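Q: I am sharing model36.txt, which consists of compact mmCIF, C-alpha atoms and all ligand atoms:
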```
# COMPACT_ATOMS: atom_id res chain seq x y z
CA MET T 1 21.05 -13.14 40.81
CA THR T 2 21.61 -9.40 41.17
CA PRO T 3 21.19 -8.48 44.85
CA THR T 4 20.53 -4.76 44.26
CA LEU T 5 17.30 -5.05 42.29
CA HIS T 6 14.27 -3.16 43.62
CA PRO T 7 11.92 -4.82 43.96
CA PRO T 8 13.88 -8.07 44.32
CA VAL T 9 13.21 -11.09 42.11
CA LEU T 10 10.63 -13.23 43.89
CA ASP T 11 9.79 -16.82 43.32
CA GLN T 12 6.34 -16.63 41.72
CA SER T 13 4.93 -18.77 44.53
CA ALA T 14 5.53 -15.82 46.89
CA LEU T 15 2.92 -13.66 45.11
CA ASP T 16 -0.32 -13.63 47.11
CA LEU T 17 -3.30 -14.40 44.86
CA THR T 18 -6.07 -14.45 47.48
CA SER T 19 -7.65 -11.04 46.79
CA LEU T 20 -7.30 -11.47 43.04
CA THR T 21 -8.89 -14.88 42.79
CA SER T 22 -11.85 -13.99 45.01
CA ALA T 23 -12.73 -10.91 42.91
CA ARG T 24 -15.93 -10.87 40.89
CA THR T 25 -14.24 -10.14 37.54
CA LEU T 26 -10.52 -10.77 37.26
CA LEU T 27 -8.73 -9.33 34.21
CA VAL T 28 -5.53 -11.19 33.36
CA ALA T 29 -3.55 -8.77 31.19
CA LEU T 30 -0.36 -9.96 29.53
CA ASP T 31 2.46 -8.51 27.54
CA PHE T 32 3.52 -11.02 24.87
CA ASP T 33 7.24 -10.80 24.00
CA GLY T 34 9.50 -11.52 26.97
CA VAL T 35 6.53 -12.63 29.06
CA ILE T 36 4.43 -15.29 27.31
CA ALA T 37 7.06 -15.83 24.60
CA PRO T 38 10.82 -15.74 25.26
CA LEU T 39 12.58 -12.90 23.41
CA GLN T 40 13.95 -13.89 20.01
CA ASP T 41 16.58 -12.27 17.80
CA ASP T 42 14.10 -12.57 14.95
CA PRO T 43 10.78 -11.31 16.37
CA ARG T 44 8.89 -13.17 13.63
CA THR T 45 9.77 -16.47 15.32
CA SER T 46 8.35 -15.60 18.76
CA THR T 47 6.00 -18.24 20.09
CA PRO T 48 4.31 -18.81 23.46
CA LEU T 49 5.90 -21.21 25.92
CA PRO T 50 3.63 -24.29 25.78
CA ALA T 51 3.05 -24.21 29.54
CA SER T 52 1.97 -20.55 29.36
CA ALA T 53 -0.32 -21.18 26.39
CA GLU T 54 -1.98 -24.01 28.31
CA ALA T 55 -2.40 -21.92 31.47
CA VAL T 56 -3.81 -18.98 29.50
CA ALA T 57 -6.33 -21.30 27.83
CA GLN T 58 -7.40 -22.60 31.26
CA ILE T 59 -7.81 -19.06 32.60
CA ALA T 60 -9.75 -17.87 29.56
CA ALA T 61 -12.16 -20.80 29.91
CA LEU T 62 -13.16 -19.69 33.43
CA PRO T 63 -16.19 -17.44 33.96
CA ARG T 64 -15.60 -13.74 34.69
CA THR T 65 -11.89 -14.09 34.03
CA PRO T 66 -11.10 -12.26 30.77
CA VAL T 67 -7.63 -12.53 29.25
CA GLY T 68 -6.14 -9.53 27.45
CA TYR T 69 -2.90 -9.16 25.52
CA ILE T 70 -1.18 -5.75 25.55
CA SER T 71 1.73 -5.59 23.15
CA GLY T 72 3.87 -3.33 21.04
CA ARG T 73 3.18 -5.62 18.10
CA ASN T 74 0.70 -4.50 15.53
CA MET T 75 -2.70 -6.12 15.90
CA ALA T 76 -2.51 -8.59 13.02
CA VAL T 77 0.90 -9.89 14.10
CA LEU T 78 -0.08 -10.05 17.77
CA GLN T 79 -3.23 -12.03 17.01
CA ASP T 80 -1.28 -14.42 14.82
CA LEU T 81 1.77 -15.01 17.03
CA SER T 82 0.00 -15.07 20.40
CA LYS T 83 -2.07 -18.18 19.58
CA ALA T 84 -4.49 -16.65 22.05
CA PRO T 85 -7.77 -18.20 23.15
CA ALA T 86 -10.72 -17.20 20.94
CA ASN T 87 -12.24 -15.07 23.68
CA ALA T 88 -9.08 -13.04 24.33
CA ILE T 89 -9.05 -9.27 23.81
CA PHE T 90 -6.16 -7.23 22.46
CA ILE T 91 -4.34 -3.93 22.64
CA GLY T 92 -1.68 -3.61 19.92
CA SER T 93 0.98 -1.10 18.90
CA HIS T 94 1.61 0.03 22.49
CA GLY T 95 -1.97 1.20 23.02
CA LEU T 96 -2.71 2.53 19.53
CA GLU T 97 -4.83 -0.43 18.37
CA THR T 98 -7.80 -2.03 20.12
CA ASP T 99 -9.73 -5.25 19.44
CA PHE T 100 -12.28 -6.10 22.13
CA SER T 101 -14.64 -7.81 19.68
CA ALA T 102 -14.36 -11.11 21.60
CA LEU T 103 -16.24 -9.57 24.51
CA GLY T 104 -19.29 -9.38 22.29
CA ARG T 105 -18.75 -12.90 20.96
CA ALA T 106 -18.35 -14.44 24.42
CA GLY T 107 -21.22 -12.48 25.93
CA LEU T 108 -18.77 -11.18 28.52
CA ALA T 109 -20.26 -7.83 29.38
CA PRO T 110 -19.03 -5.91 32.42
CA SER T 111 -21.63 -7.63 34.60
CA GLY T 112 -21.95 -10.80 32.52
CA THR T 113 -20.37 -14.21 32.48
CA ALA T 114 -17.99 -15.80 30.03
CA ALA T 115 -19.29 -18.32 27.58
CA GLU T 116 -17.50 -21.35 26.19
CA ALA T 117 -13.91 -20.67 25.25
CA PRO T 118 -12.69 -22.75 22.33
CA VAL T 119 -8.93 -22.47 21.93
CA THR T 120 -8.44 -21.26 18.41
CA THR T 121 -6.83 -18.22 16.94
CA PRO T 122 -9.48 -15.57 16.35
CA SER T 123 -10.05 -14.64 12.76
CA ALA T 124 -10.32 -10.96 12.01
CA ALA T 125 -12.67 -11.83 9.15
CA GLU T 126 -15.35 -13.22 11.47
CA ALA T 127 -15.19 -10.45 14.04
CA PRO T 128 -18.67 -9.01 14.62
CA ALA T 129 -19.49 -5.36 15.06
CA ALA T 130 -17.65 -3.57 17.84
CA THR T 131 -19.16 -3.67 21.34
CA PRO T 132 -20.44 -0.38 22.76
CA ALA T 133 -17.30 -0.03 24.90
CA ASP T 134 -15.28 -0.22 21.73
CA ALA T 135 -17.53 1.94 19.61
CA GLU T 136 -14.77 4.19 18.32
CA ALA T 137 -12.68 1.31 17.01
CA PRO T 138 -13.87 -0.22 13.76
CA THR T 139 -13.62 -3.98 13.39
CA HIS T 140 -10.43 -5.05 11.77
CA SER T 141 -9.75 -6.05 8.24
CA PRO T 142 -6.40 -6.32 6.52
CA SER T 143 -7.08 -3.02 4.79
CA ASP T 144 -7.91 -0.88 7.83
CA ALA T 145 -5.25 -2.54 10.04
CA GLY T 146 -7.37 -1.78 13.07
CA PHE T 147 -6.50 1.70 14.19
CA SER T 148 -9.32 3.72 15.57
CA THR T 149 -9.40 6.70 13.20
CA PRO T 150 -7.66 7.19 9.86
CA LEU T 151 -4.46 9.18 9.63
CA THR T 152 -4.86 12.92 9.36
CA GLN T 153 -2.89 14.66 6.63
CA GLU T 154 -0.56 15.97 9.32
CA GLU T 155 0.05 12.46 10.68
CA ASP T 156 0.56 11.16 7.16
CA GLU T 157 3.23 13.78 6.51
CA ALA T 158 4.89 13.06 9.86
CA LEU T 159 5.11 9.36 8.95
CA ALA T 160 6.59 10.18 5.56
CA ALA T 161 9.23 12.41 7.17
CA LEU T 162 10.01 9.64 9.66
CA ASP T 163 10.41 7.10 6.85
CA GLY T 164 12.85 9.48 5.17
CA ALA T 165 14.89 9.83 8.36
CA LEU T 166 15.04 6.06 8.91
CA ASP T 167 16.05 5.46 5.27
CA ASP T 168 18.80 8.02 5.76
CA ILE T 169 20.16 6.16 8.82
CA ARG T 170 20.11 2.85 6.97
CA SER T 171 21.97 4.40 4.04
CA ARG T 172 24.76 5.47 6.40
CA THR T 173 25.18 2.05 8.12
CA PRO T 174 28.88 1.68 9.11
CA ALA T 175 30.88 -0.57 6.80
CA ASP T 176 32.35 -2.48 9.74
CA GLY T 177 30.29 -5.02 11.65
CA PHE T 178 27.16 -6.89 10.68
CA GLY T 179 23.39 -6.66 10.80
CA GLU T 180 20.95 -4.09 9.44
CA LEU T 181 18.58 -1.64 11.07
CA ARG T 182 15.20 -3.34 10.60
CA VAL T 183 12.19 -1.05 10.30
CA GLU T 184 8.83 -2.53 11.23
CA ARG T 185 5.92 -0.62 9.72
CA LYS T 186 2.92 -0.09 11.98
CA PRO T 187 -0.33 1.68 11.17
CA LEU T 188 0.51 4.75 13.23
CA GLY T 189 4.28 4.54 13.47
CA ARG T 190 7.49 2.65 12.91
CA THR T 191 9.63 0.49 15.15
CA ALA T 192 13.37 0.38 14.40
CA HIS T 193 15.00 -2.84 15.62
CA THR T 194 18.73 -3.21 16.32
CA ARG T 195 18.62 -6.73 17.78
CA GLY T 196 21.18 -9.05 16.22
CA THR T 197 23.42 -6.26 14.92
CA SER T 198 27.10 -5.98 15.88
CA PRO T 199 27.86 -3.74 18.90
CA ASN T 200 29.39 -0.93 16.81
CA ARG T 201 26.42 -0.82 14.47
CA ALA T 202 23.92 -1.03 17.36
CA GLU T 203 25.66 1.93 19.00
CA PHE T 204 25.54 3.91 15.75
CA PHE T 205 21.88 3.12 15.13
CA LEU T 206 20.80 3.97 18.68
CA ALA T 207 22.60 7.34 18.63
CA GLU T 208 21.04 8.17 15.27
CA LEU T 209 17.56 7.10 16.44
CA ASP T 210 17.94 9.27 19.56
CA ALA T 211 18.82 12.17 17.27
CA VAL T 212 15.67 11.56 15.20
CA ALA T 213 13.58 11.58 18.39
CA GLU T 214 15.10 14.94 19.34
CA ARG T 215 14.56 16.39 15.87
CA MET T 216 10.92 15.22 15.79
CA PRO T 217 9.48 16.03 19.22
CA HIS T 218 5.94 15.90 17.82
CA LEU T 219 6.32 12.11 17.58
CA ARG T 220 5.81 9.89 20.61
CA SER T 221 9.08 7.97 20.88
CA PHE T 222 10.63 5.56 23.31
CA SER T 223 13.28 2.86 23.43
CA GLY T 224 12.90 -0.73 24.62
CA HIS T 225 14.78 -4.00 24.18
CA ALA T 226 17.05 -3.21 21.21
CA MET T 227 14.38 -1.10 19.59
CA THR T 228 13.17 2.46 19.27
CA GLU T 229 9.57 3.15 18.43
CA PHE T 230 8.06 6.26 16.92
CA ALA T 231 4.33 6.94 16.65
CA VAL T 232 2.23 9.80 15.38
CA ARG T 233 -0.24 9.59 18.28
CA MET T 234 0.31 9.80 21.99
CA GLU T 235 -1.05 6.54 23.36
CA THR T 236 0.60 4.09 25.77
CA LYS T 237 0.03 0.63 27.17
CA GLY T 238 -1.37 2.44 30.21
CA HIS T 239 -4.17 3.88 28.08
CA GLY T 240 -4.72 0.43 26.59
CA LEU T 241 -4.95 -1.25 29.98
CA ALA T 242 -7.37 1.45 31.16
CA ARG T 243 -9.64 0.68 28.20
CA MET T 244 -9.45 -3.06 28.95
CA ILE T 245 -10.46 -2.53 32.58
CA GLU T 246 -13.33 -0.31 31.51
CA ALA T 247 -14.57 -2.74 28.85
CA THR T 248 -14.42 -5.83 31.05
CA GLY T 249 -15.71 -4.19 34.23
CA ALA T 250 -12.86 -5.87 36.11
CA ASP T 251 -12.54 -5.26 39.83
CA ALA T 252 -9.20 -7.06 39.99
CA VAL T 253 -6.32 -6.87 37.52
CA VAL T 254 -3.04 -8.69 37.14
CA PHE T 255 -0.60 -7.35 34.55
CA LEU T 256 2.69 -8.97 33.58
CA GLY T 257 5.22 -7.05 31.48
CA ASP T 258 8.95 -7.02 30.87
CA ASP T 259 9.73 -3.93 28.82
CA THR T 260 10.14 -0.17 29.33
CA THR T 261 6.83 0.40 27.56
CA ASP T 262 5.05 -1.69 30.20
CA GLU T 263 5.96 0.89 32.84
CA ASP T 264 3.05 3.08 31.73
CA ALA T 265 0.68 0.22 32.53
CA PHE T 266 2.34 -0.46 35.89
CA ALA T 267 2.15 3.23 36.78
CA TYR T 268 -1.52 3.28 35.83
CA LEU T 269 -2.28 0.27 38.04
CA ASN T 270 -0.35 1.78 40.93
CA GLU T 271 -2.80 4.70 40.83
CA ARG T 272 -5.94 2.52 40.84
CA ASP T 273 -6.60 2.27 44.57
CA ASP T 274 -10.20 1.32 43.81
CA LEU T 275 -9.17 -2.03 42.29
CA VAL T 276 -7.31 -5.08 43.49
CA THR T 277 -4.13 -4.96 41.40
CA LEU T 278 -1.06 -7.12 40.97
CA PRO T 279 1.50 -5.42 38.69
CA VAL T 280 4.42 -7.79 38.07
CA LYS T 281 7.64 -6.97 36.26
CA VAL T 282 9.28 -9.85 34.41
CA GLY T 283 13.10 -9.66 34.26
CA THR T 284 15.74 -7.30 35.58
CA GLN T 285 14.97 -3.87 34.07
CA ASP T 286 14.19 -0.89 36.30
CA THR T 287 10.51 -0.77 37.17
CA CYS T 288 7.80 1.00 39.13
CA ALA T 289 5.97 -2.32 39.56
CA PRO T 290 5.88 -3.47 43.20
CA PHE T 291 6.67 -7.09 42.32
CA ARG T 292 9.17 -8.84 40.08
CA ILE T 293 9.64 -12.39 38.82
CA ALA T 294 12.54 -13.77 36.82
CA ASP T 295 11.54 -14.82 33.32
CA PRO T 296 8.95 -16.40 31.01
CA ASP T 297 9.33 -19.77 32.76
CA ALA T 298 8.35 -18.12 36.02
CA VAL T 299 5.39 -16.60 34.16
CA SER T 300 4.27 -20.10 33.10
CA ALA T 301 4.36 -21.33 36.70
CA PHE T 302 2.57 -18.20 37.92
CA LEU T 303 -0.22 -18.49 35.34
CA ALA T 304 -0.72 -22.20 36.08
CA ARG T 305 -1.05 -21.40 39.78
CA LEU T 306 -3.41 -18.52 39.03
CA ALA T 307 -5.59 -20.78 36.84
CA ASP T 308 -5.90 -23.36 39.63
CA ALA T 309 -6.49 -20.80 42.37
CA ARG T 310 -9.14 -18.92 40.38
CA ALA T 311 -10.93 -22.14 39.42
CA THR T 312 -10.94 -23.23 43.07
CA SER T 313 -12.23 -19.86 44.23
CA LEU T 314 -15.02 -19.85 41.62
CA ARG T 315 -16.10 -23.35 42.68
CA GLY T 316 -16.19 -22.32 46.33
MG MG O 401 7.62 -7.42 26.22
```
Here is a file; write its structure as structure tokens.
A:
Amino acid sequence: MTPTLHPPVLDQSALDLTSLTSARTLLVALDFDGVIAPLQDDPRTSTPLPASAEAVAQIAALPRTPVGYISGRNMAVLQDLSKAPANAIFIGSHGLETDFSALGRAGLAPSGTAAEAPVTTPSAAEAPAATPADAEAPTHSPSDAGFSTPLTQEEDEALAALDGALDDIRSRTPADGFGELRVERKPLGRTAHTRGTSPNRAEFFLAELDAVAERMPHLRSFSGHAMTEFAVRMETKGHGLARMIEATGADAVVFLGDDTTDEDAFAYLNERDDLVTLPVKVGTQDTCAPFRIADPDAVSAFLARLADARATSLRG
């Protein structure tokens, strides 16, 4: 264990849940990769730890305890891989995509109560019309991919220029080493992944991606775990979490995240003095979150404890 981490790694049992679990509406907001699912070299194979999936299902079945996923994944992939409860809500693409349609399905309005929570993956095809809080986001179909407004011509051109720059980097991949720069296409941007490439190639790709970010300052760009993301709109997980709090009417919020991009959400929660908040960093990266736990296994134990404590509080 690294002794110099601030905040230090706590055993999850040291996190005080009392104020959270006694709140009227408790939002449990979760990053997916590195939190609910251990990080994988091939991100397509990510899957929730069974103990976390079970705990999340228990939480989502409780009244006034909405569960939200906030991820860098695009919406369709997030909804597929997360195996989330049917009444979960989602922010995808680091804040660029929103699907709160389950709030309407579950009857969970800001002042309402949660209905039954069958544990099945939600189907985009059966999503009803957007709730008022989500009025700007159309419901999602494979063709609209779920972003709130279509690309402007300017954004379209910016994406095309970005694609050209990424193709150019790939075409200059060093002969030595192994692994390719993988480009994940998202509705409003691209994520370039270097995970699984040899150190010399990873170094080359990261330097080239940094250069693209400098050449294209009109794009929102940031780097995370072996990836650099570019987007044509300025939205963050902090914006996404703010929308979730607004839509659920939560007066208490826990958020668990492991990556650089989660810092925007931690920073947002740190500013919300009007709410009970518990921002928790997972892993060893630098953070502005006031609390830190070790890894996805610790997340499983934390969520199981939270499920029990919230159920007990609601009964009492
Ligand atoms: Mg993550």
Q: Given a cut-off of 12 Å, what residues near ligand MG 401 (chain O) show up using only C-alpha atoms and all ligand atoms, put as a ChimeraX atom specification?
A: /T:30-40,43,46,69-73,78,92-94,224-227,237,255-263,281-283,285,295-296
Q: Please produce a file of those selected residues containing C-alpha atoms, as a PDB file, in the frame of the given file.
A:
```pdb
ATOM      1  CA  LEU T  30      -0.360  -9.960  29.530  1.00  0.00           C
ATOM      2  CA  ASP T  31       2.460  -8.510  27.540  1.00  0.00           C
ATOM      3  CA  PHE T  32       3.520 -11.020  24.870  1.00  0.00           C
ATOM      4  CA  ASP T  33       7.240 -10.800  24.000  1.00  0.00           C
ATOM      5  CA  GLY T  34       9.500 -11.520  26.970  1.00  0.00           C
ATOM      6  CA  VAL T  35       6.530 -12.630  29.060  1.00  0.00           C
ATOM      7  CA  ILE T  36       4.430 -15.290  27.310  1.00  0.00           C
ATOM      8  CA  ALA T  37       7.060 -15.830  24.600  1.00  0.00           C
ATOM      9  CA  PRO T  38      10.820 -15.740  25.260  1.00  0.00           C
ATOM     10  CA  LEU T  39      12.580 -12.900  23.410  1.00  0.00           C
ATOM     11  CA  GLN T  40      13.950 -13.890  20.010  1.00  0.00           C
ATOM     12  CA  PRO T  43      10.780 -11.310  16.370  1.00  0.00           C
ATOM     13  CA  SER T  46       8.350 -15.600  18.760  1.00  0.00           C
ATOM     14  CA  TYR T  69      -2.900  -9.160  25.520  1.00  0.00           C
ATOM     15  CA  ILE T  70      -1.180  -5.750  25.550  1.00  0.00           C
ATOM     16  CA  SER T  71       1.730  -5.590  23.150  1.00  0.00           C
ATOM     17  CA  GLY T  72       3.870  -3.330  21.040  1.00  0.00           C
ATOM     18  CA  ARG T  73       3.180  -5.620  18.100  1.00  0.00           C
ATOM     19  CA  LEU T  78      -0.080 -10.050  17.770  1.00  0.00           C
ATOM     20  CA  GLY T  92      -1.680  -3.610  19.920  1.00  0.00           C
ATOM     21  CA  SER T  93       0.980  -1.100  18.900  1.00  0.00           C
ATOM     22  CA  HIS T  94       1.610   0.030  22.490  1.00  0.00           C
ATOM     23  CA  GLY T 224      12.900  -0.730  24.620  1.00  0.00           C
ATOM     24  CA  HIS T 225      14.780  -4.000  24.180  1.00  0.00           C
ATOM     25  CA  ALA T 226      17.050  -3.210  21.210  1.00  0.00           C
ATOM     26  CA  MET T 227      14.380  -1.100  19.590  1.00  0.00           C
ATOM     27  CA  LYS T 237       0.030   0.630  27.170  1.00  0.00           C
ATOM     28  CA  PHE T 255      -0.600  -7.350  34.550  1.00  0.00           C
ATOM     29  CA  LEU T 256       2.690  -8.970  33.580  1.00  0.00           C
ATOM     30  CA  GLY T 257       5.220  -7.050  31.480  1.00  0.00           C
ATOM     31  CA  ASP T 258       8.950  -7.020  30.870  1.00  0.00           C
ATOM     32  CA  ASP T 259       9.730  -3.930  28.820  1.00  0.00           C
ATOM     33  CA  THR T 260      10.140  -0.170  29.330  1.00  0.00           C
ATOM     34  CA  THR T 261       6.830   0.400  27.560  1.00  0.00           C
ATOM     35  CA  ASP T 262       5.050  -1.690  30.200  1.00  0.00           C
ATOM     36  CA  GLU T 263       5.960   0.890  32.840  1.00  0.00           C
ATOM     37  CA  LYS T 281       7.640  -6.970  36.260  1.00  0.00           C
ATOM     38  CA  VAL T 282       9.280  -9.850  34.410  1.00  0.00           C
ATOM     39  CA  GLY T 283      13.100  -9.660  34.260  1.00  0.00           C
ATOM     40  CA  GLN T 285      14.970  -3.870  34.070  1.00  0.00           C
ATOM     41  CA  ASP T 295      11.540 -14.820  33.320  1.00  0.00           C
ATOM     42  CA  PRO T 296       8.950 -16.400  31.010  1.00  0.00           C
TER      43      PRO T 296
END
```
Q: Here is a test: counting all atoms listed in the file, which residue of T:Leu15, T:Leu159, T:Leu81, T:Ala250 is nearest to T:Leu49?
A: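 That would be T:Leu81, the residue with the smallest distance to T:Leu49.
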Q: Pick from T:Asn87, T:Thr277, T:Thr194, T:Gln153: nearest to T:Ala252, with all atoms listed in the file counted?
A: T:Thr277
Q: What lies within 7 Å of T:Gln12 using all atoms listed in the file, ignoring chain neighbours under 6 positions off, as a list in words?
A: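 Result of the neighbour search: Ile293, Ala298 and Phe302 of chain T.
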Q: Select all residues near (-9.7, -19.4, 29.4) (cut-off 12 Å, inclusive, file coordinates), counting only C-alpha atoms, and output them as number ranges by chain.
A: T: 26-28, 52-68, 84-89, 106, 114-120, 303-304, 306-308, 310-311
Q: Taking all atoms listed in the file into account, name the residue in T:Glu208, T:Asp156, T:Glu229, T:Asp41 that is nearest to T:Val183.
A: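 Smallest separation from T:Val183 among the options: T:Glu229.
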Q: Please return as a short mmCIF file (atom, residue, chain, number, x, y, z; two decimals) with C-alpha atoms, keeping the file's coordinate frame every residue within 9 Å of (20.5, -3.4, 8.1), taking into account only C-alpha atoms and the file's own coordinates.
A:
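After the write, result_0.cif holds the following:
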```cif
data_model
loop_
_atom_site.label_atom_id
_atom_site.label_comp_id
_atom_site.auth_asym_id
_atom_site.auth_seq_id
_atom_site.Cartn_x
_atom_site.Cartn_y
_atom_site.Cartn_z
CA ARG T 170 20.11 2.85 6.97
CA SER T 171 21.97 4.40 4.04
CA THR T 173 25.18 2.05 8.12
CA PHE T 178 27.16 -6.89 10.68
CA GLY T 179 23.39 -6.66 10.80
CA GLU T 180 20.95 -4.09 9.44
CA LEU T 181 18.58 -1.64 11.07
CA ARG T 182 15.20 -3.34 10.60
CA VAL T 183 12.19 -1.05 10.30
CA THR T 194 18.73 -3.21 16.32
CA THR T 197 23.42 -6.26 14.92
#
```
Q: Quick one: residues within 10 Å of T:Pro150, only C-alpha atoms, excluding same-chain residues fewer than 5 positions away - as a list in words?
A: Asp144, Glu155, Asp156, Pro187 and Leu188 of chain T
Q: Which neighbours of T:Asp251 fall inside 7 Å, counting only C-alpha atoms, when residues of the same chain fewer than 6 positions from it are skipped, and could you give them as a ChimeraX atom specification?
A: /T:23-26,275-276
